[in-house]
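Below you'll find the structure, written out as structure tokens, and then a few comments.
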Amino acid sequence: MFFALILLAFVAIPLLFAWVLASIDTRSNGLFRQIRIGQYGHPFTIYKLKTMKANSGDKSQIVTALGSFFRKTKIDELPQLINIIKGDMSVVGPRPDVPGYYDLLVGDNRQLLNLKPGLTSEASLKYYNEAQILKLQEDPLRYNDEVIFPDKIKMNLEYLQKQSFLIDIKIIAKTLFR
């Protein structure tokens, strides 16, 4: 929480500016909110900057040019500092997922629900380009469910077993200097 407060103090003005830009770019409130699964399987609302807008002519969404930049640089993730301050998340931990994944884990894998979801993890570093990986697949949902998600579970269980302050510092450093 202390780290998040300090970081938020440094990025508050640029974050406000990014929110205004996202609002103009998406022609809506630039703050994206979505239900994710948190510690002990409890749902919470995650905050991000909006990176998509309605596609003209249909009901689909498209990533804007600014949104693509925000995603690539992870600027869209900065509002999650509020989630950390609220206690929904920590800096390091498994990335929170939408309902239908972590909340459905069984057996030893359910131990992951003991962890607070995090802003970064070894799994999120490995799959930093997950959207591009999935875009290349014939059946992206199946690939996620059969390859990526099980690998993330494995990596996050390894983190759970060896979790320490030093490991968290190493993951934060990898994230900052990636």
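Residue numbering restarts at 1 in every chain; chains get A, B, ... in the order shown in the structure tokens, and ligands count up from 1 in that same order.
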
Item to check | Shell around segment 120-133 of chain A at 7 Å using only C-alpha atoms, local window under 6 positions removed, as a PyMOL selection string | outcome: chain A and resi 91-95+152+155-156+171+175

With N, CA, C and O atoms retained, could you export that selection as a compact mmCIF listing (two decimals), in the first residue's frame?
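In the end it all went to again-v8.txt:
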# COMPACT_ATOMS: atom_id res chain seq x y z
N VAL A 91 0.88 -5.20 -5.15
CA VAL A 91 1.74 -4.88 -6.29
C VAL A 91 2.11 -6.18 -7.01
O VAL A 91 2.04 -6.25 -8.23
N VAL A 92 2.47 -7.21 -6.26
CA VAL A 92 2.87 -8.49 -6.86
C VAL A 92 1.85 -9.56 -6.47
O VAL A 92 1.48 -9.68 -5.31
N GLY A 93 1.43 -10.31 -7.47
CA GLY A 93 0.49 -11.40 -7.26
C GLY A 93 -0.11 -11.79 -8.60
O GLY A 93 0.11 -11.12 -9.60
N PRO A 94 -0.87 -12.87 -8.63
CA PRO A 94 -1.48 -13.29 -9.90
C PRO A 94 -2.38 -12.19 -10.44
O PRO A 94 -3.08 -11.53 -9.69
N ARG A 95 -2.33 -11.96 -11.73
CA ARG A 95 -3.20 -10.95 -12.34
C ARG A 95 -4.65 -11.37 -12.14
O ARG A 95 -5.00 -12.54 -12.32
N LYS A 152 -0.08 -20.18 -16.46
CA LYS A 152 -0.15 -19.13 -15.45
C LYS A 152 -0.42 -19.72 -14.07
O LYS A 152 0.16 -19.29 -13.08
N MET A 155 2.80 -21.23 -12.80
CA MET A 155 3.75 -20.18 -12.39
C MET A 155 3.31 -19.50 -11.09
O MET A 155 4.14 -19.22 -10.21
N ASN A 156 2.02 -19.24 -10.97
CA ASN A 156 1.52 -18.57 -9.77
C ASN A 156 1.58 -19.48 -8.55
O ASN A 156 1.80 -19.00 -7.43
N ILE A 171 10.62 -9.20 -8.88
CA ILE A 171 9.55 -9.13 -9.88
C ILE A 171 9.23 -7.68 -10.22
O ILE A 171 9.05 -7.33 -11.39
N THR A 175 9.71 -5.89 -13.85
CA THR A 175 8.60 -5.17 -14.47
C THR A 175 9.03 -3.77 -14.88
O THR A 175 8.73 -3.33 -16.00

Item to check | strand (DSSP E or B) positions in segment 25-120 of chain A, given as a PyMOL selection string | outcome: chain A and resi 31-37+43-49+52-54+61-63+90-92+118-120

Please write the residues from the selection above to a file, keeping N, CA, C and O atoms, as an mmCIF file, in the first residue's frame.
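For reference, part-v7.cif as written:
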data_model
loop_
_atom_site.group_PDB
_atom_site.id
_atom_site.type_symbol
_atom_site.label_atom_id
_atom_site.label_comp_id
_atom_site.auth_asym_id
_atom_site.auth_seq_id
_atom_site.Cartn_x
_atom_site.Cartn_y
_atom_site.Cartn_z
ATOM 1 N N LEU A 31 -12.443 6.025 -17.786
ATOM 2 C CA LEU A 31 -12.128 5.012 -16.779
ATOM 3 C C LEU A 31 -12.946 3.753 -17.051
ATOM 4 O O LEU A 31 -14.170 3.789 -17.116
ATOM 5 N N PHE A 32 -12.251 2.638 -17.215
ATOM 6 C CA PHE A 32 -12.862 1.337 -17.450
ATOM 7 C C PHE A 32 -12.990 0.623 -16.117
ATOM 8 O O PHE A 32 -12.046 0.594 -15.330
ATOM 9 N N ARG A 33 -14.167 0.071 -15.862
ATOM 10 C CA ARG A 33 -14.401 -0.709 -14.640
ATOM 11 C C ARG A 33 -14.937 -2.071 -15.044
ATOM 12 O O ARG A 33 -15.767 -2.181 -15.942
ATOM 13 N N GLN A 34 -14.441 -3.109 -14.360
ATOM 14 C CA GLN A 34 -14.883 -4.465 -14.666
ATOM 15 C C GLN A 34 -14.765 -5.314 -13.408
ATOM 16 O O GLN A 34 -13.861 -5.124 -12.597
ATOM 17 N N ILE A 35 -15.664 -6.277 -13.269
ATOM 18 C CA ILE A 35 -15.614 -7.200 -12.131
ATOM 19 C C ILE A 35 -14.523 -8.236 -12.394
ATOM 20 O O ILE A 35 -14.467 -8.840 -13.460
ATOM 21 N N ARG A 36 -13.663 -8.417 -11.420
ATOM 22 C CA ARG A 36 -12.611 -9.436 -11.458
ATOM 23 C C ARG A 36 -12.700 -10.254 -10.172
ATOM 24 O O ARG A 36 -13.322 -9.851 -9.203
ATOM 25 N N ILE A 37 -12.028 -11.385 -10.180
ATOM 26 C CA ILE A 37 -12.020 -12.254 -9.005
ATOM 27 C C ILE A 37 -10.779 -11.946 -8.168
ATOM 28 O O ILE A 37 -9.661 -11.947 -8.671
ATOM 29 N N PRO A 43 -15.345 -11.183 -5.586
ATOM 30 C CA PRO A 43 -15.282 -10.267 -6.725
ATOM 31 C C PRO A 43 -14.983 -8.837 -6.264
ATOM 32 O O PRO A 43 -15.337 -8.450 -5.153
ATOM 33 N N PHE A 44 -14.316 -8.088 -7.118
ATOM 34 C CA PHE A 44 -14.067 -6.670 -6.873
ATOM 35 C C PHE A 44 -14.071 -5.950 -8.219
ATOM 36 O O PHE A 44 -14.000 -6.580 -9.267
ATOM 37 N N THR A 45 -14.158 -4.645 -8.172
ATOM 38 C CA THR A 45 -14.148 -3.836 -9.381
ATOM 39 C C THR A 45 -12.734 -3.361 -9.642
ATOM 40 O O THR A 45 -12.123 -2.706 -8.788
ATOM 41 N N ILE A 46 -12.217 -3.709 -10.810
ATOM 42 C CA ILE A 46 -10.877 -3.273 -11.200
ATOM 43 C C ILE A 46 -11.007 -1.996 -12.027
ATOM 44 O O ILE A 46 -12.009 -1.795 -12.715
ATOM 45 N N TYR A 47 -9.997 -1.136 -11.920
ATOM 46 C CA TYR A 47 -9.983 0.125 -12.658
ATOM 47 C C TYR A 47 -8.829 0.133 -13.656
ATOM 48 O O TYR A 47 -7.719 -0.279 -13.323
ATOM 49 N N LYS A 48 -9.132 0.603 -14.852
ATOM 50 C CA LYS A 48 -8.129 0.782 -15.899
ATOM 51 C C LYS A 48 -8.529 2.000 -16.725
ATOM 52 O O LYS A 48 -9.673 2.457 -16.635
ATOM 53 N N LEU A 49 -7.634 2.484 -17.547
ATOM 54 C CA LEU A 49 -8.016 3.501 -18.516
ATOM 55 C C LEU A 49 -8.647 2.808 -19.710
ATOM 56 O O LEU A 49 -8.185 1.742 -20.128
ATOM 57 N N MET A 52 -10.610 1.210 -25.651
ATOM 58 C CA MET A 52 -11.451 0.795 -26.777
ATOM 59 C C MET A 52 -12.640 1.733 -26.917
ATOM 60 O O MET A 52 -13.078 2.344 -25.944
ATOM 61 N N LYS A 53 -13.146 1.801 -28.140
ATOM 62 C CA LYS A 53 -14.378 2.554 -28.377
ATOM 63 C C LYS A 53 -15.266 1.741 -29.306
ATOM 64 O O LYS A 53 -14.811 0.790 -29.950
ATOM 65 N N ALA A 54 -16.522 2.142 -29.369
ATOM 66 C CA ALA A 54 -17.481 1.438 -30.220
ATOM 67 C C ALA A 54 -17.061 1.557 -31.678
ATOM 68 O O ALA A 54 -16.640 2.617 -32.140
ATOM 69 N N GLN A 61 -16.246 -3.540 -30.382
ATOM 70 C CA GLN A 61 -15.317 -2.550 -29.852
ATOM 71 C C GLN A 61 -13.995 -2.667 -30.601
ATOM 72 O O GLN A 61 -13.588 -3.765 -30.971
ATOM 73 N N ILE A 62 -13.326 -1.533 -30.798
ATOM 74 C CA ILE A 62 -12.003 -1.544 -31.418
ATOM 75 C C ILE A 62 -11.024 -0.806 -30.505
ATOM 76 O O ILE A 62 -11.404 0.128 -29.807
ATOM 77 N N VAL A 63 -9.784 -1.260 -30.517
ATOM 78 C CA VAL A 63 -8.738 -0.579 -29.756
ATOM 79 C C VAL A 63 -8.333 0.653 -30.551
ATOM 80 O O VAL A 63 -8.034 0.574 -31.743
ATOM 81 N N SER A 90 -2.514 -6.283 -4.601
ATOM 82 C CA SER A 90 -1.183 -5.929 -4.122
ATOM 83 C C SER A 90 -0.341 -5.602 -5.357
ATOM 84 O O SER A 90 -0.809 -5.739 -6.479
ATOM 85 N N VAL A 91 0.876 -5.198 -5.146
ATOM 86 C CA VAL A 91 1.744 -4.883 -6.287
ATOM 87 C C VAL A 91 2.111 -6.176 -7.009
ATOM 88 O O VAL A 91 2.036 -6.254 -8.235
ATOM 89 N N VAL A 92 2.474 -7.210 -6.263
ATOM 90 C CA VAL A 92 2.868 -8.486 -6.859
ATOM 91 C C VAL A 92 1.855 -9.558 -6.473
ATOM 92 O O VAL A 92 1.481 -9.681 -5.312
ATOM 93 N N GLY A 118 -2.403 -9.230 -8.166
ATOM 94 C CA GLY A 118 -1.380 -8.198 -8.224
ATOM 95 C C GLY A 118 -1.332 -7.450 -9.542
ATOM 96 O O GLY A 118 -1.911 -7.863 -10.546
ATOM 97 N N LEU A 119 -0.598 -6.376 -9.499
ATOM 98 C CA LEU A 119 -0.353 -5.550 -10.675
ATOM 99 C C LEU A 119 0.624 -6.240 -11.620
ATOM 100 O O LEU A 119 0.545 -6.082 -12.834
ATOM 101 N N THR A 120 1.537 -7.032 -11.046
ATOM 102 C CA THR A 120 2.536 -7.728 -11.847
ATOM 103 C C THR A 120 2.850 -9.082 -11.233
ATOM 104 O O THR A 120 2.588 -9.324 -10.053
#

Checklist entry - Any idea what's packed within 12 Å of Leu157 of chain A, counting only C-alpha atoms, ignoring anything in its chain fewer than 2 positions away? Could you give it as a VMD selection string? => result chain A and resid 93 to 94 108 to 115 121 to 123 150 to 155 159 to 163

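Proximity ranking of A:Leu176, A:Pro117, A:Pro14, A:Leu7 relative to Met89 of chain A places A:Pro117 first, based on only C-alpha atoms.
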
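Minimum atom-to-atom distances from A:Asp97, A:Leu21, A:Ile82, A:Leu136 to Ile6 of chain A were compared using only C-alpha atoms, and the lowest value belongs to A:Ile82.
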
Checklist entry - Which of these residues is nearest to Ile75 of chain A, using only C-alpha atoms: A:Phe149, A:Trp19, A:Tyr143, A:Phe3? => result A:Trp19

Next on the checklist: From a backbone DSSP assignment, name each residue in chain A labelled alpha helix (DSSP H), as a ChimeraX atom specification.
Outcome noted: /A:2-26,65-73,80-86,122-126,130-135,140-143,149-162,165-176

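Distance annotation: of A:Leu66, A:Leu78, A:Val106, A:Ile85, the residue with the minimal separation from Ser23 of chain A is A:Leu66; atom set is only C-alpha atoms.
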
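Atom CA of Gly87 of chain A sits 18.8 Å away from atom CA of Ser164 of chain A.
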
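Atom pair atom CA of Tyr40 of chain A / atom CA of Asp145 of chain A: separated by 21.3 Å.
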